[in-house]
Amino acid sequence: MTSDVPLKVLSVASEAFPLVKTGGLADVVGALPDALAPHGVATTTLIPGYPTVGKAVKGAKVVHRWKDLMGAEARLLSARIGSHPLLVLDAPALFARAGGLYGAEDDWRRFAALSRAAAEIADGMHFDLLHAHDWQAALAPAYLRYRPADARPVASVMTVHNIAFQGQFGAEIFAELGLPDAAYAIDGVEYYGGVGFLKAGLESADSITTVSPTYAAEIREGRFGMGLEGLIETRRGRVHGIVNGIDPAVWNPETDTALPSRYTARALGRRKANKRAVEAMFGLDTGDGPIFTVISRLTWQKGMDVLVQCLDELVSLGGRLALLGSGDAHLEAAFLAAAARHPGRIGVTIGYDEPLSHLLQGGADAILIPSRFEPCGLTQLYGLAYGCVPVVARTGGLADTVIDANEAALAAGVATGFQHGETGYHTLAHAIRRTITAYARPDLWCTIQRNGMRADFSWAESGRRYAELYKSLTGAA
């Protein structure tokens with residue numbers, strides 16, 4: 001392969017922005033094609049044909065049909081996502097359903113179908129490399145690995161966005177996967193007497209990536225590896241941590257149409273109109289004190305149980321909170337109870353709203369991310385770009401992307417936010433107190449905001465690193 005011929009990569013995932021999104025995975029998958037294009041990589045994205053996707057690609061060309069793909073008829077549709085090629089696995093019996101994307105009893109069949117189709121497409125349409133994202137696509141490298149020995153070589157990369165979600169199913173499904181008997185082994189798809197989708201991808205892929213260098217190291221430990229730390233350790237020479245980027249075409253306070261008032265690092269005063277809008281939207285008292293925001297799944301992983309415990313102190317110190325999120329029912333109830341206890345000081349919206357998330361980044365003063373573990377995190381990157389100062393736990397990608405406002409960093413003029421140690425009441429409460437103290441010094445606060453806004457968290461460097469990895473695996477380097 002010569003350097004002027006683009007490397008053909010098939011990127012396979014269960015969601016991709018702007019067509020379908022439940023979290024940061026979609027943002028990453030949607031942004032990668034543009035990030036890779038300047039480096040000689042032509043990316044085609046493959047996603048399932050959910051109802052919203054089907055409507056978006058109505059009239060797309062049919063380029064392949066399966067009479068029996070994991071027990072379902074299916075078509076492969078050719079369309080575009082932005083300026084890049086898109087393939088949609090149109091299998092109504094598997095994906096044309098109301099409700100959430102995940103959690104069905106036959107998820108194993110649905111995403112085995114996606115993975116099997118991906119491997120067949122990568123082979124049959126002559127892709128150089130297959131890039132699988134998270135457990136829903138993780139059987140694809142295994143399907144490639146267990147092809148006949150004389151099959152055309154196709155390299156594979158497995159990206160772990162969150163190792164806590166693994167796709168574990170009973171042994172009884174193996175017979176229906178269409179894999180050879182040899183695949184049901186400790187170095188194949190077998191996992192504690194069942195079938196592990198993510199485990200299979202980690203065993204089978206030529207290379208493994210995680211979404212930050214710190215997380216790549218953390219998942220070799222029992223505390224973070226969720227049972228897969230031994231496998232990661234044995235493959236450590238093939239594990240790479242590459243921080244996610246953000247798309248400046250989508251996340252840019254100078255051009256963001258979701259903001260009542262757009263602004264730059266040199267015109268932070270314009271944020272005040274956005275702050276007033278946040279107050280109105282969340283029923284908060286108007287004032288100049290700091291507004292903290294949370295834009296998150298409300299789960300134990302995200303440290304939301306600890307944050308609930310800190311809310312009375314946050315309010316007593318003069319802070320306010322605007323929360324947008326959903327998750328565990330008892331945590332939703334706890335935040336709603338706190339809002340009822342502190343009217344005008346805490347506002348809660350249960351659910352997710354993309355434009356509202358932009359407004360919160362552009363109008364709140366600080367964003368709280370007290371995660372117990374966080375592979376990369378994107379909300380802190382959005383916060384940095386929007387001057388919404390991140391207050392984060394020192395873990396995973398949060399540790400890699402936020403520079404703590406300690407004395408040395410303040411003296412050097414490089415601080416971009418506030419870090420705290422292992423998530424607990426005292427560590428988080430202390431971080432909140434530090435943040436409110438800094439906010440009371442306007443010049444210092446503006447410096448921290450501007451430092452974050454001037455940092456480069458675009459996809460440029462991450463795209464280059466992915467491209468280098470792809471080329472090293474395909475001999476195109």
# chains A, B, ... in the order shown; residues from 1 in each chain; ligands from 1
$ select_by_dssp --residues "region 313-389 of chain A" --states "helix (DSSP H, G or I)" --output "mmCIF file with N, CA and C atoms, in the first residue's frame"
data_model
loop_
_atom_site.group_PDB
_atom_site.id
_atom_site.type_symbol
_atom_site.label_atom_id
_atom_site.label_comp_id
_atom_site.auth_asym_id
_atom_site.auth_seq_id
_atom_site.Cartn_x
_atom_site.Cartn_y
_atom_site.Cartn_z
ATOM 1 N N GLU A 313 -24.207 21.295 52.258
ATOM 2 C CA GLU A 313 -23.025 22.139 52.465
ATOM 3 C C GLU A 313 -22.796 23.048 51.265
ATOM 4 N N LEU A 314 -22.976 22.536 50.060
ATOM 5 C CA LEU A 314 -22.822 23.369 48.865
ATOM 6 C C LEU A 314 -23.724 24.602 48.948
ATOM 7 N N VAL A 315 -24.967 24.391 49.339
ATOM 8 C CA VAL A 315 -25.916 25.506 49.444
ATOM 9 C C VAL A 315 -25.525 26.435 50.587
ATOM 10 N N SER A 316 -25.092 25.879 51.730
ATOM 11 C CA SER A 316 -24.722 26.713 52.881
ATOM 12 C C SER A 316 -23.543 27.613 52.580
ATOM 13 N N ALA A 329 -33.160 5.101 40.181
ATOM 14 C CA ALA A 329 -34.382 5.736 40.684
ATOM 15 C C ALA A 329 -34.169 6.374 42.052
ATOM 16 N N HIS A 330 -33.412 5.713 42.936
ATOM 17 C CA HIS A 330 -33.240 6.275 44.282
ATOM 18 C C HIS A 330 -32.393 7.542 44.251
ATOM 19 N N LEU A 331 -31.477 7.657 43.295
ATOM 20 C CA LEU A 331 -30.678 8.877 43.173
ATOM 21 C C LEU A 331 -31.502 9.997 42.536
ATOM 22 N N GLU A 332 -32.305 9.667 41.550
ATOM 23 C CA GLU A 332 -33.213 10.678 40.996
ATOM 24 C C GLU A 332 -34.084 11.252 42.116
ATOM 25 N N ALA A 333 -34.636 10.376 42.942
ATOM 26 C CA ALA A 333 -35.499 10.818 44.036
ATOM 27 C C ALA A 333 -34.731 11.667 45.043
ATOM 28 N N ALA A 334 -33.480 11.313 45.315
ATOM 29 C CA ALA A 334 -32.678 12.054 46.284
ATOM 30 C C ALA A 334 -32.378 13.472 45.795
ATOM 31 N N PHE A 335 -32.083 13.612 44.511
ATOM 32 C CA PHE A 335 -31.826 14.954 43.984
ATOM 33 C C PHE A 335 -33.116 15.783 43.943
ATOM 34 N N LEU A 336 -34.221 15.167 43.585
ATOM 35 C CA LEU A 336 -35.495 15.885 43.593
ATOM 36 C C LEU A 336 -35.864 16.309 45.007
ATOM 37 N N ALA A 337 -35.570 15.474 45.990
ATOM 38 C CA ALA A 337 -35.828 15.835 47.385
ATOM 39 C C ALA A 337 -34.953 17.008 47.809
ATOM 40 N N ALA A 338 -33.707 17.019 47.366
ATOM 41 C CA ALA A 338 -32.817 18.134 47.688
ATOM 42 C C ALA A 338 -33.318 19.429 47.060
ATOM 43 N N ALA A 339 -33.846 19.339 45.838
ATOM 44 C CA ALA A 339 -34.407 20.527 45.193
ATOM 45 C C ALA A 339 -35.617 21.042 45.959
ATOM 46 N N ALA A 340 -36.442 20.124 46.469
ATOM 47 C CA ALA A 340 -37.604 20.536 47.259
ATOM 48 C C ALA A 340 -37.173 21.147 48.587
ATOM 49 N N ARG A 341 -36.077 20.669 49.120
ATOM 50 C CA ARG A 341 -35.552 21.170 50.396
ATOM 51 C C ARG A 341 -34.895 22.536 50.240
ATOM 52 N N GLU A 354 -29.998 17.623 24.640
ATOM 53 C CA GLU A 354 -28.719 18.067 24.069
ATOM 54 C C GLU A 354 -28.560 19.587 24.087
ATOM 55 N N PRO A 355 -29.535 20.377 23.585
ATOM 56 C CA PRO A 355 -29.362 21.836 23.653
ATOM 57 C C PRO A 355 -29.227 22.350 25.082
ATOM 58 N N LEU A 356 -29.974 21.753 26.013
ATOM 59 C CA LEU A 356 -29.882 22.195 27.404
ATOM 60 C C LEU A 356 -28.504 21.902 27.982
ATOM 61 N N SER A 357 -27.892 20.799 27.569
ATOM 62 C CA SER A 357 -26.540 20.500 28.045
ATOM 63 C C SER A 357 -25.553 21.557 27.565
ATOM 64 N N HIS A 358 -25.759 22.071 26.367
ATOM 65 C CA HIS A 358 -24.908 23.158 25.863
ATOM 66 C C HIS A 358 -25.119 24.430 26.687
ATOM 67 N N LEU A 359 -26.372 24.738 26.998
ATOM 68 C CA LEU A 359 -26.659 25.933 27.795
ATOM 69 C C LEU A 359 -25.995 25.839 29.167
ATOM 70 N N LEU A 360 -26.061 24.676 29.787
ATOM 71 C CA LEU A 360 -25.445 24.517 31.097
ATOM 72 C C LEU A 360 -23.938 24.724 31.037
ATOM 73 N N GLN A 361 -23.297 24.207 30.007
ATOM 74 C CA GLN A 361 -21.851 24.414 29.871
ATOM 75 C C GLN A 361 -21.537 25.893 29.634
ATOM 76 N N GLY A 362 -22.426 26.571 28.925
ATOM 77 C CA GLY A 362 -22.177 27.970 28.591
ATOM 78 C C GLY A 362 -22.651 28.954 29.627
ATOM 79 N N GLY A 363 -23.407 28.497 30.645
ATOM 80 C CA GLY A 363 -23.945 29.420 31.631
ATOM 81 C C GLY A 363 -23.589 29.109 33.066
ATOM 82 N N THR A 379 -17.626 15.429 29.371
ATOM 83 C CA THR A 379 -18.238 16.650 29.915
ATOM 84 C C THR A 379 -17.195 17.600 30.493
ATOM 85 N N GLN A 380 -16.096 17.073 31.037
ATOM 86 C CA GLN A 380 -15.062 17.996 31.533
ATOM 87 C C GLN A 380 -14.366 18.693 30.378
ATOM 88 N N LEU A 381 -14.263 18.017 29.222
ATOM 89 C CA LEU A 381 -13.656 18.668 28.052
ATOM 90 C C LEU A 381 -14.570 19.771 27.525
ATOM 91 N N TYR A 382 -15.868 19.497 27.497
ATOM 92 C CA TYR A 382 -16.816 20.541 27.105
ATOM 93 C C TYR A 382 -16.743 21.700 28.095
ATOM 94 N N GLY A 383 -16.636 21.374 29.395
ATOM 95 C CA GLY A 383 -16.522 22.420 30.404
ATOM 96 C C GLY A 383 -15.298 23.288 30.182
ATOM 97 N N LEU A 384 -14.160 22.665 29.910
ATOM 98 C CA LEU A 384 -12.940 23.435 29.638
ATOM 99 C C LEU A 384 -13.143 24.364 28.448
ATOM 100 N N ALA A 385 -13.732 23.846 27.380
ATOM 101 C CA ALA A 385 -13.925 24.646 26.167
ATOM 102 C C ALA A 385 -14.881 25.809 26.392
ATOM 103 N N TYR A 386 -15.808 25.662 27.352
ATOM 104 C CA TYR A 386 -16.848 26.676 27.562
ATOM 105 C C TYR A 386 -16.584 27.552 28.787
#
$ residues_around --residues "region 285-292 of chain A" --least-positions-apart "5" --cutoff "12 Å" --atoms "only C-alpha atoms" --output "ChimeraX atom specification"
/A:272-280,307,311,314-324,342-348,360-369,383,388-391,432-433,435-442,445
$ residues_around --residues "Glu229 (chain A)" --least-positions-apart "2" --cutoff "12 Å" --atoms "only C-alpha atoms" --output "short mmCIF file (atom, residue, chain, number, x, y, z; two decimals) with N, CA, C and O atoms, in the first residue's frame"
data_model
loop_
_atom_site.label_atom_id
_atom_site.label_comp_id
_atom_site.auth_asym_id
_atom_site.auth_seq_id
_atom_site.Cartn_x
_atom_site.Cartn_y
_atom_site.Cartn_z
N ILE A 163 -14.96 -0.35 30.71
CA ILE A 163 -14.79 -1.80 30.89
C ILE A 163 -15.84 -2.40 31.83
O ILE A 163 -15.98 -3.62 31.93
N ALA A 164 -16.61 -1.55 32.49
CA ALA A 164 -17.67 -2.05 33.38
C ALA A 164 -18.80 -2.69 32.60
O ALA A 164 -19.54 -3.52 33.14
N LYS A 199 -14.79 -9.52 26.43
CA LYS A 199 -13.63 -10.39 26.65
C LYS A 199 -13.15 -10.98 25.33
O LYS A 199 -11.95 -11.05 25.06
N LEU A 202 -11.25 -8.34 23.40
CA LEU A 202 -9.94 -8.07 23.98
C LEU A 202 -8.95 -9.18 23.67
O LEU A 202 -7.77 -8.93 23.48
N TYR A 215 -6.47 5.59 32.36
CA TYR A 215 -7.40 4.47 32.40
C TYR A 215 -6.74 3.21 31.86
O TYR A 215 -7.00 2.10 32.36
N ALA A 216 -5.89 3.35 30.86
CA ALA A 216 -5.18 2.19 30.32
C ALA A 216 -4.32 1.52 31.40
O ALA A 216 -4.17 0.30 31.42
N ALA A 217 -3.78 2.32 32.30
CA ALA A 217 -3.00 1.76 33.42
C ALA A 217 -3.93 1.25 34.52
O ALA A 217 -3.69 0.18 35.11
N GLU A 218 -5.01 1.97 34.80
CA GLU A 218 -5.91 1.58 35.89
C GLU A 218 -6.56 0.22 35.67
O GLU A 218 -6.71 -0.56 36.61
N ILE A 219 -6.92 -0.09 34.43
CA ILE A 219 -7.67 -1.34 34.20
C ILE A 219 -6.78 -2.58 34.29
O ILE A 219 -7.27 -3.70 34.15
N ARG A 220 -5.52 -2.39 34.58
CA ARG A 220 -4.65 -3.53 34.89
C ARG A 220 -4.74 -3.87 36.37
O ARG A 220 -4.11 -4.83 36.83
N GLU A 221 -5.50 -3.08 37.15
CA GLU A 221 -5.67 -3.31 38.58
C GLU A 221 -7.06 -3.89 38.84
O GLU A 221 -8.02 -3.57 38.15
N GLY A 222 -7.17 -4.70 39.88
CA GLY A 222 -8.44 -5.30 40.22
C GLY A 222 -9.53 -4.29 40.51
O GLY A 222 -10.71 -4.52 40.22
N ARG A 223 -9.16 -3.14 41.08
CA ARG A 223 -10.15 -2.13 41.47
C ARG A 223 -10.87 -1.55 40.26
O ARG A 223 -12.01 -1.11 40.35
N PHE A 224 -10.20 -1.53 39.10
CA PHE A 224 -10.76 -0.90 37.92
C PHE A 224 -11.02 -1.89 36.78
O PHE A 224 -11.80 -1.61 35.88
N GLY A 225 -10.36 -3.05 36.80
CA GLY A 225 -10.42 -3.96 35.66
C GLY A 225 -11.69 -4.77 35.56
O GLY A 225 -11.93 -5.42 34.54
N MET A 226 -12.51 -4.78 36.60
CA MET A 226 -13.82 -5.44 36.58
C MET A 226 -13.72 -6.91 36.15
O MET A 226 -14.55 -7.40 35.38
N GLY A 227 -12.69 -7.60 36.63
CA GLY A 227 -12.52 -9.01 36.31
C GLY A 227 -11.69 -9.29 35.08
O GLY A 227 -11.30 -10.44 34.84
N LEU A 231 -6.43 -10.34 31.91
CA LEU A 231 -6.33 -10.37 30.45
C LEU A 231 -5.61 -9.11 29.94
O LEU A 231 -4.72 -9.19 29.08
N ILE A 232 -5.99 -7.96 30.48
CA ILE A 232 -5.34 -6.71 30.07
C ILE A 232 -3.85 -6.76 30.38
O ILE A 232 -3.01 -6.32 29.57
N GLU A 233 -3.50 -7.31 31.53
CA GLU A 233 -2.10 -7.40 31.91
C GLU A 233 -1.32 -8.28 30.93
O GLU A 233 -0.20 -7.94 30.52
N THR A 234 -1.92 -9.41 30.53
CA THR A 234 -1.20 -10.30 29.61
C THR A 234 -1.03 -9.66 28.23
O THR A 234 -0.10 -10.01 27.51
N ARG A 235 -1.89 -8.72 27.87
CA ARG A 235 -1.80 -8.07 26.56
C ARG A 235 -1.30 -6.62 26.66
O ARG A 235 -1.50 -5.82 25.75
N ARG A 236 -0.65 -6.29 27.77
CA ARG A 236 -0.30 -4.90 28.06
C ARG A 236 0.54 -4.26 26.96
O ARG A 236 0.48 -3.05 26.75
N VAL A 239 -1.82 -2.54 24.53
CA VAL A 239 -2.83 -1.63 25.08
C VAL A 239 -2.32 -0.20 24.99
O VAL A 239 -1.20 0.11 25.43
#
$ closest_atom_pairs --of "region 205-281 of chain A" --to "region 127-145 of chain A" --cutoff "10 Å" --atoms "only C-alpha atoms" --output "Markdown table"
| residue | atom | partner | partner_atom | distance |
| --- | --- | --- | --- | --- |
| A:Ala205 | CA | A:Pro141 | CA | 5.3 |
| A:Asp206 | CA | A:Pro141 | CA | 8.4 |
| A:Ser207 | CA | A:His131 | CA | 9.6 |
| A:Ile208 | CA | A:Ala132 | CA | 9.7 |
| A:Thr209 | CA | A:His133 | CA | 9.6 |
| A:Thr210 | CA | A:Asp134 | CA | 9.9 |
$ residues_around --residues "region 261-268 of chain A" --least-positions-apart "6" --cutoff "8 Å" --atoms "only C-alpha atoms" --output "list in words"
Pro253, Glu254, Thr255, Asn274, Gly387, Cys446, Gln449, Arg450, Met453 and Arg454 of chain A
$ select_by_dssp --residues "region 47-242 of chain A" --states "strand (DSSP E or B)" --output "ChimeraX atom specification"
/A:47-48,61-69,72-81,84-90,129-133,155-160,168-169,190-191,194-196,207-210,239-241
$ write_last_selection --atoms "C-alpha atoms" --output "JSON list (two decimals), in the first residue's frame"
[["chain", "number", "residue", "atom", "x", "y", "z"],
["A", 47, "ILE", "CA", -24.35, 1.23, 13.07],
["A", 48, "PRO", "CA", -27.66, -0.60, 13.65],
["A", 61, "LYS", "CA", -29.27, 2.38, -1.37],
["A", 62, "VAL", "CA", -29.38, -1.34, -0.51],
["A", 63, "VAL", "CA", -25.92, -2.82, -1.10],
["A", 64, "HIS", "CA", -26.31, -6.28, 0.44],
["A", 65, "ARG", "CA", -28.94, -8.63, 1.85],
["A", 66, "TRP", "CA", -28.88, -11.44, 4.39],
["A", 67, "LYS", "CA", -31.65, -14.02, 4.37],
["A", 68, "ASP", "CA", -30.56, -15.29, 7.77],
["A", 69, "LEU", "CA", -28.36, -13.08, 9.97],
["A", 72, "ALA", "CA", -33.28, -12.41, 11.02],
["A", 73, "GLU", "CA", -33.55, -11.01, 7.53],
["A", 74, "ALA", "CA", -31.34, -7.98, 7.06],
["A", 75, "ARG", "CA", -30.26, -5.41, 4.52],
["A", 76, "LEU", "CA", -27.15, -3.27, 4.38],
["A", 77, "LEU", "CA", -27.91, 0.34, 3.52],
["A", 78, "SER", "CA", -25.38, 2.80, 2.15],
["A", 79, "ALA", "CA", -25.72, 6.45, 3.23],
["A", 80, "ARG", "CA", -23.56, 9.23, 4.68],
["A", 81, "ILE", "CA", -22.83, 10.63, 8.12],
["A", 84, "HIS", "CA", -18.24, 10.36, 5.29],
["A", 85, "PRO", "CA", -19.66, 6.96, 4.28],
["A", 86, "LEU", "CA", -22.20, 5.32, 6.56],
["A", 87, "LEU", "CA", -23.47, 1.74, 6.52],
["A", 88, "VAL", "CA", -26.69, 0.85, 8.34],
["A", 89, "LEU", "CA", -27.60, -2.70, 9.33],
["A", 90, "ASP", "CA", -31.32, -2.67, 8.61],
["A", 129, "LEU", "CA", -8.86, -2.59, 9.35],
["A", 130, "LEU", "CA", -11.92, -3.02, 11.55],
["A", 131, "HIS", "CA", -12.29, -0.76, 14.62],
["A", 132, "ALA", "CA", -14.80, -2.11, 17.16],
["A", 133, "HIS", "CA", -16.21, 0.06, 19.95],
["A", 155, "ALA", "CA", -6.43, -6.02, 11.14],
["A", 156, "SER", "CA", -8.60, -5.13, 14.12],
["A", 157, "VAL", "CA", -8.65, -2.64, 16.99],
["A", 158, "MET", "CA", -10.85, -2.96, 20.09],
["A", 159, "THR", "CA", -11.62, 0.26, 21.97],
["A", 160, "VAL", "CA", -12.84, 0.04, 25.56],
["A", 168, "GLN", "CA", -21.83, -11.33, 29.47],
["A", 169, "PHE", "CA", -24.29, -14.08, 28.51],
["A", 190, "GLU", "CA", -15.53, -18.25, 26.93],
["A", 191, "TYR", "CA", -15.77, -16.21, 30.13],
["A", 194, "GLY", "CA", -20.48, -18.27, 29.63],
["A", 195, "VAL", "CA", -19.81, -16.01, 26.66],
["A", 196, "GLY", "CA", -18.14, -12.65, 27.14],
["A", 207, "SER", "CA", -4.56, -3.95, 19.39],
["A", 208, "ILE", "CA", -6.58, -2.57, 22.31],
["A", 209, "THR", "CA", -7.18, 1.08, 23.03],
["A", 210, "THR", "CA", -8.76, 2.85, 25.96],
["A", 239, "VAL", "CA", -2.83, -1.63, 25.08],
["A", 240, "HIS", "CA", -2.76, 2.07, 24.22],
["A", 241, "GLY", "CA", -4.41, 5.01, 25.97]]
$ residues_around --residues "Pro18 (chain A)" --least-positions-apart "4" --cutoff "10 Å" --atoms "only C-alpha atoms" --output "mmCIF file with N, CA, C and O atoms, in the first residue's frame"
data_model
loop_
_atom_site.group_PDB
_atom_site.id
_atom_site.type_symbol
_atom_site.label_atom_id
_atom_site.label_comp_id
_atom_site.auth_asym_id
_atom_site.auth_seq_id
_atom_site.Cartn_x
_atom_site.Cartn_y
_atom_site.Cartn_z
ATOM 1 N N ALA A 26 -21.267 7.832 21.355
ATOM 2 C CA ALA A 26 -21.788 8.347 20.085
ATOM 3 C C ALA A 26 -20.988 9.549 19.602
ATOM 4 O O ALA A 26 -20.721 9.694 18.400
ATOM 5 N N ASP A 27 -20.600 10.428 20.532
ATOM 6 C CA ASP A 27 -19.812 11.601 20.148
ATOM 7 C C ASP A 27 -18.472 11.191 19.554
ATOM 8 O O ASP A 27 -18.014 11.759 18.565
ATOM 9 N N VAL A 29 -17.598 8.219 18.163
ATOM 10 C CA VAL A 29 -17.759 7.525 16.882
ATOM 11 C C VAL A 29 -18.124 8.518 15.778
ATOM 12 O O VAL A 29 -17.641 8.404 14.642
ATOM 13 N N GLY A 30 -18.948 9.509 16.112
ATOM 14 C CA GLY A 30 -19.326 10.510 15.123
ATOM 15 C C GLY A 30 -18.182 11.424 14.719
ATOM 16 O O GLY A 30 -18.132 11.903 13.581
ATOM 17 N N ALA A 31 -17.252 11.665 15.639
ATOM 18 C CA ALA A 31 -16.159 12.609 15.370
ATOM 19 C C ALA A 31 -14.943 11.957 14.715
ATOM 20 O O ALA A 31 -14.159 12.642 14.045
ATOM 21 N N VAL A 53 -32.581 6.069 13.118
ATOM 22 C CA VAL A 53 -31.583 5.976 12.052
ATOM 23 C C VAL A 53 -32.271 5.695 10.723
ATOM 24 O O VAL A 53 -31.949 6.297 9.694
ATOM 25 N N ALA A 56 -33.655 8.760 9.257
ATOM 26 C CA ALA A 56 -32.618 9.680 8.781
ATOM 27 C C ALA A 56 -32.018 9.253 7.456
ATOM 28 O O ALA A 56 -31.531 10.095 6.690
ATOM 29 N N ILE A 81 -22.763 9.951 6.834
ATOM 30 C CA ILE A 81 -22.829 10.630 8.118
ATOM 31 C C ILE A 81 -21.893 11.828 7.999
ATOM 32 O O ILE A 81 -20.677 11.681 7.915
ATOM 33 N N GLY A 82 -22.466 13.011 7.881
ATOM 34 C CA GLY A 82 -21.673 14.177 7.514
ATOM 35 C C GLY A 82 -21.175 14.007 6.099
ATOM 36 O O GLY A 82 -21.947 13.718 5.181
#
$ residues_around --residues "Asn244 (chain A)" --least-positions-apart "3" --cutoff "9 Å" --atoms "only C-alpha atoms" --output "list of chain:residue names"
A:Val28, A:Val211, A:Ser212, A:Cys376, A:Gly377, A:Leu378, A:Gly397, A:Phe457, A:Ser458, A:Trp459, A:Ser462
$ write_last_selection --atoms "N, CA, C and O atoms" --output "short mmCIF file (atom, residue, chain, number, x, y, z; two decimals), in the first residue's frame"
data_model
loop_
_atom_site.label_atom_id
_atom_site.label_comp_id
_atom_site.auth_asym_id
_atom_site.auth_seq_id
_atom_site.Cartn_x
_atom_site.Cartn_y
_atom_site.Cartn_z
N VAL A 28 -17.84 10.21 20.19
CA VAL A 28 -16.53 9.75 19.71
C VAL A 28 -16.65 9.12 18.33
O VAL A 28 -15.88 9.46 17.40
N VAL A 211 -9.61 5.06 26.39
CA VAL A 211 -9.82 6.45 26.02
C VAL A 211 -9.07 7.44 26.90
O VAL A 211 -9.39 8.63 26.91
N SER A 212 -8.05 6.96 27.61
CA SER A 212 -7.10 7.85 28.28
C SER A 212 -5.91 7.02 28.75
O SER A 212 -6.06 5.83 29.06
N CYS A 376 -12.54 8.22 30.22
CA CYS A 376 -12.05 9.49 29.67
C CYS A 376 -12.90 10.62 30.18
O CYS A 376 -12.46 11.51 30.88
N GLY A 377 -14.20 10.56 29.87
CA GLY A 377 -15.07 11.68 30.19
C GLY A 377 -15.02 12.69 29.07
O GLY A 377 -13.96 12.98 28.50
N LEU A 378 -16.17 13.21 28.72
CA LEU A 378 -16.25 14.29 27.73
C LEU A 378 -16.79 15.56 28.34
O LEU A 378 -16.44 16.66 27.89
N GLY A 397 -9.44 9.57 32.68
CA GLY A 397 -9.25 10.72 31.80
C GLY A 397 -9.45 12.05 32.50
O GLY A 397 -8.98 13.09 32.00
N PHE A 457 -8.18 20.50 23.05
CA PHE A 457 -8.76 19.17 23.19
C PHE A 457 -9.55 18.81 21.94
O PHE A 457 -10.54 18.08 21.99
N SER A 458 -9.10 19.34 20.82
CA SER A 458 -9.67 18.92 19.55
C SER A 458 -9.21 17.50 19.25
O SER A 458 -8.41 16.92 19.98
N TRP A 459 -9.70 16.96 18.15
CA TRP A 459 -9.34 15.60 17.77
C TRP A 459 -8.01 15.53 17.01
O TRP A 459 -7.59 14.44 16.60
N SER A 462 -5.37 13.28 18.82
CA SER A 462 -5.91 11.93 18.98
C SER A 462 -6.09 11.25 17.63
O SER A 462 -5.81 10.05 17.47
#
$ atom_distance --atom1 "CA of Ser296 (chain A)" --atom2 "CA of Val392 (chain A)"
12.8 Å
$ atom_distance --atom1 "CA of Glu407 (chain A)" --atom2 "CA of Ala429 (chain A)"
19.0 Å
$ atom_distance --atom1 "CA of Asp456 (chain A)" --atom2 "CA of Thr293 (chain A)"
22.7 Å
$ closest_residue --among "A:Val243, A:Ala455, A:Ala91, A:Ala117" --to "Leu398 (chain A)" --atoms "only C-alpha atoms"
A:Val243
